[in-house]
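What follows is the content of model-v6.txt, which has compact mmCIF, C-alpha atoms and all ligand atoms:
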```txt
# COMPACT_ATOMS: atom_id res chain seq x y z
CA ARG A 19 126.88 92.41 116.94
CA ASP A 20 129.26 95.11 118.02
CA ALA A 21 127.96 98.54 118.88
CA SER A 22 131.40 99.97 119.64
CA ARG A 23 132.47 100.34 116.03
CA GLY A 24 131.07 99.55 112.63
CA LYS A 25 129.81 100.78 109.32
CA ILE A 26 126.29 101.11 107.94
CA THR A 27 125.17 101.97 104.42
CA TRP A 28 121.73 103.07 103.24
CA GLN A 29 120.40 104.17 99.89
CA ALA A 30 117.42 106.49 100.02
CA PRO A 31 115.41 107.85 97.10
CA SER A 32 114.17 111.33 96.39
CA ASN A 33 110.42 111.97 96.22
CA ILE A 34 108.09 114.22 94.28
CA ALA A 35 105.10 115.77 96.01
CA LEU A 36 101.66 115.63 94.39
CA VAL A 37 100.11 117.76 97.15
CA LYS A 38 102.82 120.16 98.22
CA TYR A 39 104.20 120.94 101.64
CA TRP A 40 104.79 124.69 101.74
CA GLY A 41 104.63 126.40 105.10
CA LYS A 42 105.53 125.03 108.50
CA LYS A 43 105.14 125.57 112.23
CA GLU A 44 107.76 125.16 114.99
CA ASP A 45 109.88 121.99 114.95
CA GLN A 46 109.29 121.12 111.32
CA ILE A 47 105.56 120.54 111.77
CA PRO A 48 103.88 121.00 108.38
CA ALA A 49 101.12 123.58 107.99
CA ASN A 50 99.22 121.13 105.76
CA PRO A 51 99.34 117.44 104.88
CA SER A 52 101.16 116.39 101.71
CA VAL A 53 101.48 113.25 99.60
CA SER A 54 104.29 112.17 97.30
CA PHE A 55 105.48 109.52 94.92
CA THR A 56 108.67 107.96 96.18
CA LEU A 57 111.18 107.94 93.31
CA ASP A 58 113.41 105.09 92.26
CA THR A 59 116.63 106.02 90.47
CA SER A 60 117.33 109.46 92.00
CA ARG A 61 119.05 108.34 95.18
CA THR A 62 121.61 109.21 97.79
CA THR A 63 123.91 106.53 99.16
CA THR A 64 125.27 107.28 102.61
CA THR A 65 127.72 105.31 104.71
CA LEU A 66 128.02 106.02 108.42
CA GLU A 67 131.15 104.73 110.13
CA TYR A 68 130.99 104.87 113.89
CA ALA A 69 133.54 104.34 116.63
CA LYS A 70 132.79 104.67 120.30
CA LYS A 71 134.81 107.39 122.03
CA GLU A 72 136.47 106.84 125.38
CA ILE A 73 134.78 109.89 126.79
CA ALA A 74 131.45 111.08 125.43
CA GLY A 75 131.49 114.60 123.99
CA SER A 76 128.84 117.27 124.21
CA ASP A 77 128.11 117.27 120.45
CA ALA A 78 128.08 114.60 117.78
CA ASP A 79 131.57 114.49 116.21
CA PHE A 80 131.77 113.80 112.53
CA GLU A 81 133.78 114.16 109.35
CA LEU A 82 131.97 114.49 106.06
CA TYR A 83 132.91 113.20 102.61
CA PHE A 84 130.88 113.98 99.52
CA GLU A 85 131.71 111.90 96.44
CA GLY A 86 135.00 110.91 98.03
CA LYS A 87 136.14 114.44 98.94
CA LYS A 88 136.07 116.14 102.29
CA LYS A 89 133.22 118.62 102.20
CA GLU A 90 133.09 121.47 104.69
CA ASP A 91 130.19 123.47 103.19
CA PHE A 92 127.56 120.76 103.83
CA LYS A 93 128.69 120.40 107.44
CA PRO A 94 126.49 123.11 109.05
CA LYS A 95 123.31 121.46 107.76
CA ILE A 96 124.34 118.12 109.27
CA GLU A 97 125.47 119.78 112.50
CA THR A 98 122.02 121.33 112.82
CA PHE A 99 120.47 117.94 112.09
CA PHE A 100 122.52 116.20 114.79
CA LYS A 101 121.68 118.94 117.29
CA ARG A 102 117.97 118.61 116.56
CA ILE A 103 117.91 114.83 116.90
CA GLN A 104 120.24 114.58 119.92
CA LYS A 105 117.24 114.69 122.26
CA TYR A 106 115.79 111.58 120.59
CA CYS A 107 119.14 109.83 120.05
CA PRO A 108 121.19 110.53 123.19
CA TYR A 109 123.80 107.91 122.22
CA LEU A 110 125.09 110.08 119.34
CA THR A 111 127.56 111.99 121.50
CA ASP A 112 129.24 108.69 122.48
CA TYR A 113 130.59 108.21 118.96
CA GLN A 114 133.02 109.56 116.44
CA PHE A 115 131.45 109.40 112.96
CA VAL A 116 132.65 109.46 109.38
CA ILE A 117 129.83 110.17 106.93
CA SER A 118 130.40 109.43 103.23
CA THR A 119 127.68 110.32 100.81
CA GLU A 120 127.06 110.37 97.06
CA ASN A 121 124.13 110.99 94.74
CA SER A 122 123.03 109.01 91.69
CA PHE A 123 122.08 112.25 89.95
CA PRO A 124 124.65 114.74 88.69
CA HIS A 125 126.03 117.16 91.24
CA SER A 126 124.37 120.59 91.08
CA SER A 127 121.72 119.42 88.65
CA GLY A 128 119.21 121.58 90.43
CA ILE A 129 117.76 118.40 91.93
CA ALA A 130 117.49 118.88 95.66
CA SER A 131 119.37 116.14 97.47
CA SER A 132 118.04 117.11 100.88
CA ALA A 133 115.15 114.60 100.85
CA SER A 134 117.25 111.61 99.79
CA GLY A 135 120.30 112.76 101.75
CA MET A 136 118.57 113.40 105.05
CA SER A 137 116.53 110.21 104.88
CA ALA A 138 119.64 108.11 104.07
CA LEU A 139 121.45 109.63 107.07
CA ALA A 140 118.44 109.17 109.36
CA LEU A 141 118.29 105.49 108.35
CA CYS A 142 121.99 105.06 109.15
CA VAL A 143 121.40 106.58 112.59
CA MET A 144 118.50 104.18 113.12
CA SER A 145 120.66 101.20 112.15
CA LEU A 146 123.12 102.26 114.85
CA GLU A 147 120.23 102.57 117.30
CA ARG A 148 119.18 99.04 116.35
CA GLU A 149 122.67 97.81 117.23
CA LEU A 150 122.01 99.22 120.70
CA ASN A 151 118.44 97.97 120.84
CA PRO A 152 118.20 94.83 118.68
CA THR A 153 114.59 94.06 119.63
CA MET A 154 113.22 97.14 117.95
CA THR A 155 110.39 96.37 115.48
CA GLU A 156 110.48 97.20 111.78
CA VAL A 157 107.49 99.52 112.23
CA PHE A 158 109.25 101.48 114.97
CA PHE A 159 112.44 101.61 112.88
CA ASN A 160 110.69 103.13 109.87
CA LYS A 161 108.58 105.54 111.90
CA LYS A 162 111.51 106.86 113.85
CA ALA A 163 113.71 107.05 110.71
CA SER A 164 111.02 109.18 109.08
CA PHE A 165 110.62 111.24 112.27
CA LEU A 166 114.38 111.96 112.35
CA ALA A 167 114.54 112.65 108.59
CA ARG A 168 111.77 115.24 109.04
CA LEU A 169 113.98 117.12 111.46
CA GLY A 170 116.71 117.25 108.79
CA SER A 171 114.44 118.41 105.97
CA GLY A 172 110.65 118.23 106.11
CA SER A 173 110.07 116.46 102.81
CA ALA A 174 112.80 113.90 103.65
CA CYS A 175 110.33 112.13 105.95
CA ARG A 176 108.52 110.99 102.78
CA SER A 177 111.61 109.18 101.41
CA ILE A 178 111.80 106.13 103.67
CA GLU A 179 109.07 103.96 102.18
CA GLY A 180 107.40 103.57 98.79
CA ASP A 181 105.48 104.14 96.69
CA LEU A 182 102.99 106.75 97.88
CA VAL A 183 103.65 108.47 101.20
CA VAL A 184 101.46 110.81 103.24
CA TRP A 185 102.87 113.22 105.78
CA GLY A 186 100.65 115.41 107.94
CA GLU A 187 97.46 114.83 109.82
CA HIS A 188 94.35 114.28 107.75
CA LYS A 189 91.08 113.14 109.28
CA GLU A 190 90.28 110.71 106.45
CA ILE A 191 93.68 109.04 106.68
CA LYS A 192 93.62 107.50 110.12
CA GLN A 193 97.29 106.72 110.79
CA SER A 194 98.59 109.98 109.30
CA SER A 195 100.84 112.12 111.47
CA ASP A 196 102.54 115.51 111.46
CA LEU A 197 105.61 113.82 112.95
CA TYR A 198 106.46 111.29 110.23
CA GLY A 199 105.42 110.01 106.84
CA ILE A 200 103.45 106.80 106.37
CA LYS A 201 102.92 104.55 103.40
CA TYR A 202 99.59 105.65 101.92
CA PRO A 203 97.15 103.19 103.52
CA GLY A 204 94.27 103.39 101.02
CA ASP A 205 93.60 101.50 97.80
CA VAL A 206 95.74 102.44 94.82
CA HIS A 207 94.61 101.72 91.26
CA PRO A 208 97.08 99.72 89.09
CA VAL A 209 97.44 102.66 86.67
CA PHE A 210 99.72 104.31 89.27
CA LYS A 211 102.04 101.28 89.36
CA GLY A 212 105.33 102.10 87.66
CA PHE A 213 104.22 105.71 87.06
CA GLN A 214 106.98 107.55 85.20
CA ASP A 215 108.69 110.79 86.17
CA THR A 216 111.02 112.30 83.60
CA ILE A 217 112.83 115.18 85.26
CA LEU A 218 113.74 117.98 82.87
CA LEU A 219 116.74 119.94 84.12
CA VAL A 220 115.81 123.43 83.00
CA ASP A 221 118.19 125.26 85.27
CA LYS A 222 121.03 123.62 87.12
CA GLY A 223 122.08 126.68 89.11
CA THR A 224 121.44 126.96 92.82
CA LYS A 225 118.15 128.59 93.70
CA HIS A 226 118.34 132.19 94.83
CA VAL A 227 115.69 131.59 97.52
CA SER A 228 116.01 128.45 99.65
CA SER A 229 112.98 126.39 100.60
CA SER A 230 113.41 127.23 104.29
CA VAL A 231 113.10 130.94 103.45
CA GLY A 232 110.09 130.10 101.28
CA HIS A 233 108.37 128.15 104.06
CA ASN A 234 108.90 131.06 106.45
CA LEU A 235 107.32 133.51 104.03
CA MET A 236 104.03 131.62 104.49
CA HIS A 237 103.85 133.19 107.97
CA GLY A 238 101.62 136.22 107.51
CA HIS A 239 101.10 135.37 103.83
CA PRO A 240 97.74 136.83 102.73
CA PHE A 241 96.62 133.55 101.11
CA ALA A 242 98.13 131.11 103.62
CA GLU A 243 94.96 129.87 105.28
CA ALA A 244 93.15 129.33 101.98
CA ARG A 245 96.20 127.51 100.63
CA PHE A 246 96.46 125.17 103.63
CA ALA A 247 92.74 124.37 103.39
CA GLN A 248 93.10 123.71 99.66
CA ALA A 249 95.97 121.25 100.20
CA TYR A 250 93.84 119.46 102.76
CA SER A 251 90.89 119.13 100.39
CA ASN A 252 93.12 118.18 97.44
CA LEU A 253 94.43 115.26 99.48
CA ASP A 254 90.84 114.36 100.24
CA LEU A 255 90.02 114.32 96.52
CA LEU A 256 93.14 112.32 95.69
CA GLU A 257 92.02 109.50 97.96
CA ASN A 258 89.18 108.73 95.60
CA ILE A 259 91.36 109.30 92.53
CA PHE A 260 93.99 106.86 93.78
CA LYS A 261 91.21 104.32 94.18
CA THR A 262 89.48 104.82 90.82
CA GLY A 263 92.51 105.69 88.67
CA ASP A 264 90.74 108.77 87.26
CA LEU A 265 93.75 110.30 85.50
CA LYS A 266 91.89 113.36 84.27
CA ALA A 267 91.06 114.35 87.83
CA PHE A 268 94.59 113.39 88.94
CA ILE A 269 96.12 115.73 86.37
CA GLY A 270 93.84 118.58 87.45
CA ILE A 271 94.97 118.35 91.04
CA VAL A 272 98.66 117.72 90.42
CA GLU A 273 99.11 120.61 87.99
CA SER A 274 97.07 122.97 90.15
CA GLU A 275 99.23 122.05 93.17
CA ALA A 276 102.42 122.84 91.23
CA LEU A 277 101.16 126.20 90.00
CA THR A 278 99.73 127.12 93.41
CA LEU A 279 103.10 126.40 95.05
CA HIS A 280 104.72 128.88 92.68
CA ALA A 281 101.82 131.30 93.05
CA MET A 282 102.53 131.35 96.80
CA MET A 283 106.13 132.35 96.03
CA MET A 284 105.01 135.07 93.65
CA SER A 285 102.54 136.48 96.18
CA SER A 286 104.70 136.46 99.31
CA ARG A 287 106.52 139.57 100.56
CA PRO A 288 109.25 139.67 99.45
CA TYR A 289 107.99 137.95 96.28
CA PHE A 290 110.15 135.77 94.09
CA ILE A 291 109.98 133.60 90.98
CA LEU A 292 111.81 130.29 90.63
CA MET A 293 110.36 129.27 87.26
CA LYS A 294 112.35 130.17 84.13
CA PRO A 295 111.04 131.00 80.65
CA ASN A 296 111.79 127.42 79.58
CA THR A 297 109.69 126.08 82.47
CA LEU A 298 106.68 127.82 80.94
CA LYS A 299 107.57 126.73 77.41
CA ILE A 300 107.61 123.11 78.58
CA ILE A 301 104.30 123.46 80.42
CA ASN A 302 102.65 124.89 77.30
CA LYS A 303 104.09 122.13 75.13
CA ILE A 304 102.70 119.50 77.52
CA TRP A 305 99.26 121.12 77.41
CA GLU A 306 99.35 121.26 73.61
CA PHE A 307 100.40 117.60 73.35
CA ARG A 308 97.72 116.51 75.82
CA GLU A 309 95.08 118.46 73.94
CA THR A 310 95.95 116.90 70.58
CA THR A 311 96.66 113.32 71.67
CA GLY A 312 94.39 112.95 74.68
CA LEU A 313 97.23 111.14 76.48
CA PRO A 314 97.40 111.48 80.28
CA VAL A 315 100.69 113.32 80.68
CA CYS A 316 101.10 116.16 83.17
CA PHE A 317 103.74 118.17 84.95
CA THR A 318 104.62 119.07 88.47
CA LEU A 319 107.26 121.38 89.93
CA ASP A 320 109.38 121.49 93.04
CA ALA A 321 110.74 124.68 94.51
CA GLY A 322 112.79 125.33 91.37
CA ALA A 323 112.72 125.68 87.59
CA ASN A 324 112.95 121.97 86.73
CA VAL A 325 109.88 120.20 85.41
CA HIS A 326 108.78 116.70 86.46
CA VAL A 327 106.79 115.08 83.64
CA LEU A 328 104.45 112.43 85.03
CA TYR A 329 102.71 109.69 83.00
CA PRO A 330 101.55 106.08 83.25
CA GLU A 331 103.96 103.31 82.32
CA LYS A 332 101.67 101.94 79.63
CA ASP A 333 101.97 105.18 77.59
CA LYS A 334 105.72 105.38 78.06
CA GLY A 335 106.71 104.71 74.44
CA ILE A 336 104.83 107.54 72.79
CA ILE A 337 105.16 110.06 75.63
CA PHE A 338 108.89 109.57 76.02
CA GLU A 339 109.29 110.09 72.25
CA PHE A 340 107.44 113.40 72.64
CA ILE A 341 109.65 114.39 75.59
CA LYS A 342 112.84 113.64 73.65
CA ASN A 343 111.69 115.34 70.46
CA GLU A 344 109.92 118.36 71.89
CA LEU A 345 110.92 119.08 75.47
CA VAL A 346 114.57 118.13 75.99
CA ALA A 347 115.66 121.09 73.84
CA TYR A 348 114.50 123.40 76.66
CA CYS A 349 116.80 121.76 79.23
CA GLU A 350 120.20 123.10 80.20
CA ASN A 351 122.69 121.10 78.10
CA GLU A 352 119.72 118.90 77.12
CA GLN A 353 119.96 117.12 80.48
CA TYR A 354 117.15 115.08 81.96
CA LEU A 355 116.70 112.15 84.33
CA CYS A 356 114.45 109.15 83.82
CA ASP A 357 112.81 108.16 87.04
CA ARG A 358 109.68 106.32 88.16
CA VAL A 359 107.77 105.45 91.28
CA GLY A 360 109.95 103.37 93.62
CA LYS A 361 109.74 101.14 96.64
CA GLY A 362 111.68 103.19 99.16
CA ALA A 363 115.07 103.05 100.82
CA THR A 364 117.30 99.97 100.71
CA ARG A 365 120.39 98.80 102.57
O1 LIG B 401 111.75 119.65 102.58
P1 LIG B 401 111.89 121.09 102.31
O2 LIG B 401 111.88 121.94 103.54
O3 LIG B 401 113.10 121.39 101.41
O4 LIG B 401 110.61 121.58 101.47
C1 LIG B 401 110.32 121.11 100.19
C2 LIG B 401 109.03 121.64 99.71
C3 LIG B 401 108.66 121.27 98.29
O5 LIG B 401 109.61 120.44 97.67
C4 LIG B 401 108.54 122.53 97.45
C5 LIG B 401 107.30 120.58 98.28
C6 LIG B 401 107.26 119.20 98.84
O6 LIG B 401 106.25 118.87 99.47
O7 LIG B 401 108.20 118.41 98.62
```
Translate the structure of the given file into structure tokens.
Amino acid sequence: RDASRGKITWQAPSNIALVKYWGKKEDQIPANPSVSFTLDTSRTTTTLEYAKKEIAGSDADFELYFEGKKKEDFKPKIETFFKRIQKYCPYLTDYQFVISTENSFPHSSGIASSASGMSALALCVMSLERELNPTMTEVFFNKKASFLARLGSGSACRSIEGDLVVWGEHKEIKQSSDLYGIKYPGDVHPVFKGFQDTILLVDKGTKHVSSSVGHNLMHGHPFAEARFAQAYSNLDLLENIFKTGDLKAFIGIVESEALTLHAMMMSSRPYFILMKPNTLKIINKIWEFRETTGLPVCFTLDAGANVHVLYPEKDKGIIFEFIKNELVAYCENEQYLCDRVGKGATR
């Protein structure tokens, strides 16, 4: 082992929330607990090269490469991240870093890379910390990686482990914490194994309202308290649904969560809309298909126009046919990504 120079690579997945995190307190503490499926194929790969400096600086020094090219416009976000975590990782200022990162999904596909990107970087930082402290346990490693990722981007703390992750205190989920995500500790019915997520890229442009602005608009929002309470009780209900595999109830909660997230955007001041006409066309098509076939397919949304279509693996054949024949036409350049529930980050 050599902690004076070296190179670490991590691959971290994106995640899709079933109960949404929307609204936060100081220091990236969520206003309500959330739960997500960890994804599998939508990933960021990040390599951190480190070399010990002769004299420690006052800030973390780094160069940043995105898909092989030097990237200045992502630097401020990472600078902020390093500043926030410095307190918990005092060794960072002893090193000169080169960060190289790339995504498995197409650049500017409208898929946020902040969850996978920040968790991959947090894991690299933790691998360096482990060089300095080789006796650290796996549990500590994962907890602190999630804790650090949260400081980069809230939802990133749910991208360390698979396949269901809870973030935010909930009285029924004993180990849950506002500070980091944990693997969902309850029973999960086999129907959720290999659950599919086909991501329809409705609009690949950058969003006109960022999620940090959106979170802030929940301060003083007229429906904020009711919304936070609803998220809490939806997570409560999901516990039983995860256990029993009641897909009808699952769909009711997941779709309501997606629409409520966007309803919060539409009812904040200033108000805004991130869905596009094709988002609504897809939602209506899914409802129509579900009505006529009785198959358990549903949608969820992130803070954007893209639609995540969720369904069990066993119904993949017929539902994917429907997606290709009926929904892909509403995507920008007919682009979509096939993803599924995954196991978490890997080296
Ligand atoms: O992690 P942030 O601050 O970009 O917030 C993301 C919030 C949503 O994606 C809209 C919901 C969620 O829980 O992932």
Neighbour list for stretch 254-270 of chain A as a PDB file with C-alpha atoms, keeping the file's coordinate frame, cut-off 12 Å, all atoms listed in the file, skip fewer than 6 positions in-chain:
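Contents of the output file result24.pdb:
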```pdb
ATOM      1  CA  LEU A  36     101.660 115.630  94.390  1.00  0.00           C
ATOM      2  CA  VAL A  37     100.110 117.760  97.150  1.00  0.00           C
ATOM      3  CA  PRO A  51      99.340 117.440 104.880  1.00  0.00           C
ATOM      4  CA  SER A  52     101.160 116.390 101.710  1.00  0.00           C
ATOM      5  CA  VAL A  53     101.480 113.250  99.600  1.00  0.00           C
ATOM      6  CA  SER A  54     104.290 112.170  97.300  1.00  0.00           C
ATOM      7  CA  PHE A  55     105.480 109.520  94.920  1.00  0.00           C
ATOM      8  CA  LEU A 182     102.990 106.750  97.880  1.00  0.00           C
ATOM      9  CA  VAL A 184     101.460 110.810 103.240  1.00  0.00           C
ATOM     10  CA  GLU A 187      97.460 114.830 109.820  1.00  0.00           C
ATOM     11  CA  HIS A 188      94.350 114.280 107.750  1.00  0.00           C
ATOM     12  CA  LYS A 189      91.080 113.140 109.280  1.00  0.00           C
ATOM     13  CA  GLU A 190      90.280 110.710 106.450  1.00  0.00           C
ATOM     14  CA  ILE A 191      93.680 109.040 106.680  1.00  0.00           C
ATOM     15  CA  TYR A 202      99.590 105.650 101.920  1.00  0.00           C
ATOM     16  CA  PRO A 203      97.150 103.190 103.520  1.00  0.00           C
ATOM     17  CA  GLY A 204      94.270 103.390 101.020  1.00  0.00           C
ATOM     18  CA  ASP A 205      93.600 101.500  97.800  1.00  0.00           C
ATOM     19  CA  VAL A 206      95.740 102.440  94.820  1.00  0.00           C
ATOM     20  CA  HIS A 207      94.610 101.720  91.260  1.00  0.00           C
ATOM     21  CA  PRO A 208      97.080  99.720  89.090  1.00  0.00           C
ATOM     22  CA  VAL A 209      97.440 102.660  86.670  1.00  0.00           C
ATOM     23  CA  PHE A 210      99.720 104.310  89.270  1.00  0.00           C
ATOM     24  CA  LYS A 211     102.040 101.280  89.360  1.00  0.00           C
ATOM     25  CA  PHE A 213     104.220 105.710  87.060  1.00  0.00           C
ATOM     26  CA  ALA A 247      92.740 124.370 103.390  1.00  0.00           C
ATOM     27  CA  GLN A 248      93.100 123.710  99.660  1.00  0.00           C
ATOM     28  CA  ALA A 276     102.420 122.840  91.230  1.00  0.00           C
ATOM     29  CA  LEU A 277     101.160 126.200  90.000  1.00  0.00           C
ATOM     30  CA  THR A 278      99.730 127.120  93.410  1.00  0.00           C
ATOM     31  CA  ILE A 304     102.700 119.500  77.520  1.00  0.00           C
ATOM     32  CA  TRP A 305      99.260 121.120  77.410  1.00  0.00           C
ATOM     33  CA  ARG A 308      97.720 116.510  75.820  1.00  0.00           C
ATOM     34  CA  GLU A 309      95.080 118.460  73.940  1.00  0.00           C
ATOM     35  CA  GLY A 312      94.390 112.950  74.680  1.00  0.00           C
ATOM     36  CA  LEU A 313      97.230 111.140  76.480  1.00  0.00           C
ATOM     37  CA  PRO A 314      97.400 111.480  80.280  1.00  0.00           C
ATOM     38  CA  VAL A 315     100.690 113.320  80.680  1.00  0.00           C
ATOM     39  CA  CYS A 316     101.100 116.160  83.170  1.00  0.00           C
ATOM     40  CA  PHE A 317     103.740 118.170  84.950  1.00  0.00           C
ATOM     41  CA  THR A 318     104.620 119.070  88.470  1.00  0.00           C
ATOM     42  CA  VAL A 327     106.790 115.080  83.640  1.00  0.00           C
ATOM     43  CA  LEU A 328     104.450 112.430  85.030  1.00  0.00           C
ATOM     44  CA  TYR A 329     102.710 109.690  83.000  1.00  0.00           C
ATOM     45  CA  PRO A 330     101.550 106.080  83.250  1.00  0.00           C
TER      46      PRO A 330
END
```
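Take the candidates A:Ala242, A:Val183, A:Ala174, A:Met136 and check each one against ligand LIG 401 (chain B) using all atoms listed in the file; the shortest distance goes to A:Ala174.
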Build an axis-aligned box that encloses every atom of stretch 265-278 of chain A listed in the file, pad it by 3 Å on each side, and report its centre and edge lengths in Å to one decimal, as JSON.
```
{"center_x": 96.7, "center_y": 118.7, "center_z": 88.8, "size_x": 17.4, "size_y": 22.8, "size_z": 15.1}
```
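Taking only C-alpha atoms and all ligand atoms into account, the protein and nucleic acid residues that come at most 7 Å from ligand LIG 401 (chain B) are A:Ile34, A:Ala35, A:Val37, A:Lys38, A:Tyr39, A:Trp40, A:Ser52, A:Ser132, A:Ala133, A:Ser171, A:Gly172, A:Ser173, A:Ala174, A:Ser229, A:Ser230, A:Asp320, A:Ala321.
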Atom pair atom CA of A:Met284 / atom CA of A:Ala49: separation (Å):
18.8 Å
Any idea what's packed within 10 Å of A:Met283, counting only C-alpha atoms, ignoring anything in its chain fewer than 4 positions away? Could you give it as a short mmCIF file (atom, residue, chain, number, x, y, z; two decimals) with C-alpha atoms, in the frame of the given file?
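Dumped everything to result32.cif:
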```cif
data_model
loop_
_atom_site.label_atom_id
_atom_site.label_comp_id
_atom_site.auth_asym_id
_atom_site.auth_seq_id
_atom_site.Cartn_x
_atom_site.Cartn_y
_atom_site.Cartn_z
CA TRP A 40 104.79 124.69 101.74
CA VAL A 227 115.69 131.59 97.52
CA GLY A 232 110.09 130.10 101.28
CA HIS A 233 108.37 128.15 104.06
CA LEU A 235 107.32 133.51 104.03
CA MET A 236 104.03 131.62 104.49
CA HIS A 239 101.10 135.37 103.83
CA LEU A 277 101.16 126.20 90.00
CA THR A 278 99.73 127.12 93.41
CA LEU A 279 103.10 126.40 95.05
CA ARG A 287 106.52 139.57 100.56
CA PRO A 288 109.25 139.67 99.45
CA TYR A 289 107.99 137.95 96.28
CA PHE A 290 110.15 135.77 94.09
CA ILE A 291 109.98 133.60 90.98
CA LEU A 292 111.81 130.29 90.63
CA ALA A 321 110.74 124.68 94.51
#
```
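For A:Ile73, the non-local neighbours within 12 Å, defined as residues at least 4 positions apart in the same chain or in other chains and counting all atoms listed in the file, are Ala69, Asp77, Asp79, Thr111, Asp112, Tyr113 and Gln114 of chain A.
Straight-line separation from atom CA of A:Thr155 to atom CA of A:Thr119: 26.6 Å.
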Mind checking which residues fall within 8 Å of A:Glu179, counting only C-alpha atoms, ignoring those fewer than 6 positions away in the same chain, and posting them as a PyMOL selection string?
chain A and resi 56+160+200-201+361-363
Write the residues of the preceding selection, restricted to C-alpha atoms, as a PDB file, keeping the file's coordinate frame.
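As a result, again32.pdb now contains:
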```
ATOM      1  CA  THR A  56     108.670 107.960  96.180  1.00  0.00           C
ATOM      2  CA  ASN A 160     110.690 103.130 109.870  1.00  0.00           C
ATOM      3  CA  ILE A 200     103.450 106.800 106.370  1.00  0.00           C
ATOM      4  CA  LYS A 201     102.920 104.550 103.400  1.00  0.00           C
ATOM      5  CA  LYS A 361     109.740 101.140  96.640  1.00  0.00           C
ATOM      6  CA  GLY A 362     111.680 103.190  99.160  1.00  0.00           C
ATOM      7  CA  ALA A 363     115.070 103.050 100.820  1.00  0.00           C
TER       8      ALA A 363
END
```
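From atom CA of A:Thr59 back to atom CA of A:Pro124, the distance works out to 12.0 Å.
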Per-residue nearest contacts stretch 186-290 of chain A to stretch 43-46 of chain A, cut-off 9 Å, using all atoms listed in the file, as a tab-separated table:
```
residue	atom	partner	partner_atom	distance
A:Asp196	CA	A:Gln46	CA	8.8
A:Leu197	CA	A:Gln46	CA	8.3
A:Asn234	CA	A:Lys43	CA	8.8
A:His237	CA	A:Lys43	CA	8.8
```
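Comparing the minimum interatomic distances between A:Tyr83 and each of A:Leu298, A:Ile103, A:Val116, A:Val231, counting only C-alpha atoms, we find that A:Val116 sits nearest.
Closest approach to A:Glu275 among A:Leu141, A:Lys299, A:Val157, A:Phe246 is made by A:Phe246 (distances from all atoms listed in the file).
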Regenerate stretch 236-249 of chain A at the level of N, CA and C atoms and dump it as a compact mmCIF listing (two decimals), keeping the file's coordinate frame.
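Result written to rebuild-v9.txt:
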```
# COMPACT_ATOMS: atom_id res chain seq x y z
N MET A 236 105.46 131.96 104.36
CA MET A 236 104.03 131.62 104.49
C MET A 236 103.46 132.14 105.81
N HIS A 237 104.35 132.54 106.74
CA HIS A 237 103.85 133.19 107.97
C HIS A 237 103.40 134.59 107.59
N GLY A 238 102.14 134.89 107.84
CA GLY A 238 101.62 136.22 107.51
C GLY A 238 101.33 136.39 106.02
N HIS A 239 101.43 135.31 105.27
CA HIS A 239 101.10 135.37 103.83
C HIS A 239 99.59 135.58 103.67
N PRO A 240 99.18 136.53 102.79
CA PRO A 240 97.74 136.83 102.73
C PRO A 240 96.86 135.64 102.32
N PHE A 241 97.43 134.67 101.59
CA PHE A 241 96.62 133.55 101.11
C PHE A 241 96.90 132.25 101.87
N ALA A 242 97.68 132.33 102.95
CA ALA A 242 98.13 131.11 103.62
C ALA A 242 96.98 130.20 104.05
N GLU A 243 96.02 130.73 104.74
CA GLU A 243 94.96 129.87 105.28
C GLU A 243 94.18 129.17 104.17
N ALA A 244 93.88 129.93 103.11
CA ALA A 244 93.15 129.33 101.98
C ALA A 244 94.01 128.25 101.33
N ARG A 245 95.29 128.49 101.23
CA ARG A 245 96.20 127.51 100.63
C ARG A 245 96.24 126.22 101.46
N PHE A 246 96.36 126.36 102.79
CA PHE A 246 96.46 125.17 103.63
C PHE A 246 95.16 124.35 103.53
N ALA A 247 94.04 125.05 103.50
CA ALA A 247 92.74 124.37 103.39
C ALA A 247 92.63 123.66 102.03
N GLN A 248 93.16 124.31 101.00
CA GLN A 248 93.10 123.71 99.66
C GLN A 248 93.93 122.42 99.60
N ALA A 249 95.12 122.45 100.20
CA ALA A 249 95.97 121.25 100.20
C ALA A 249 95.24 120.11 100.89
```
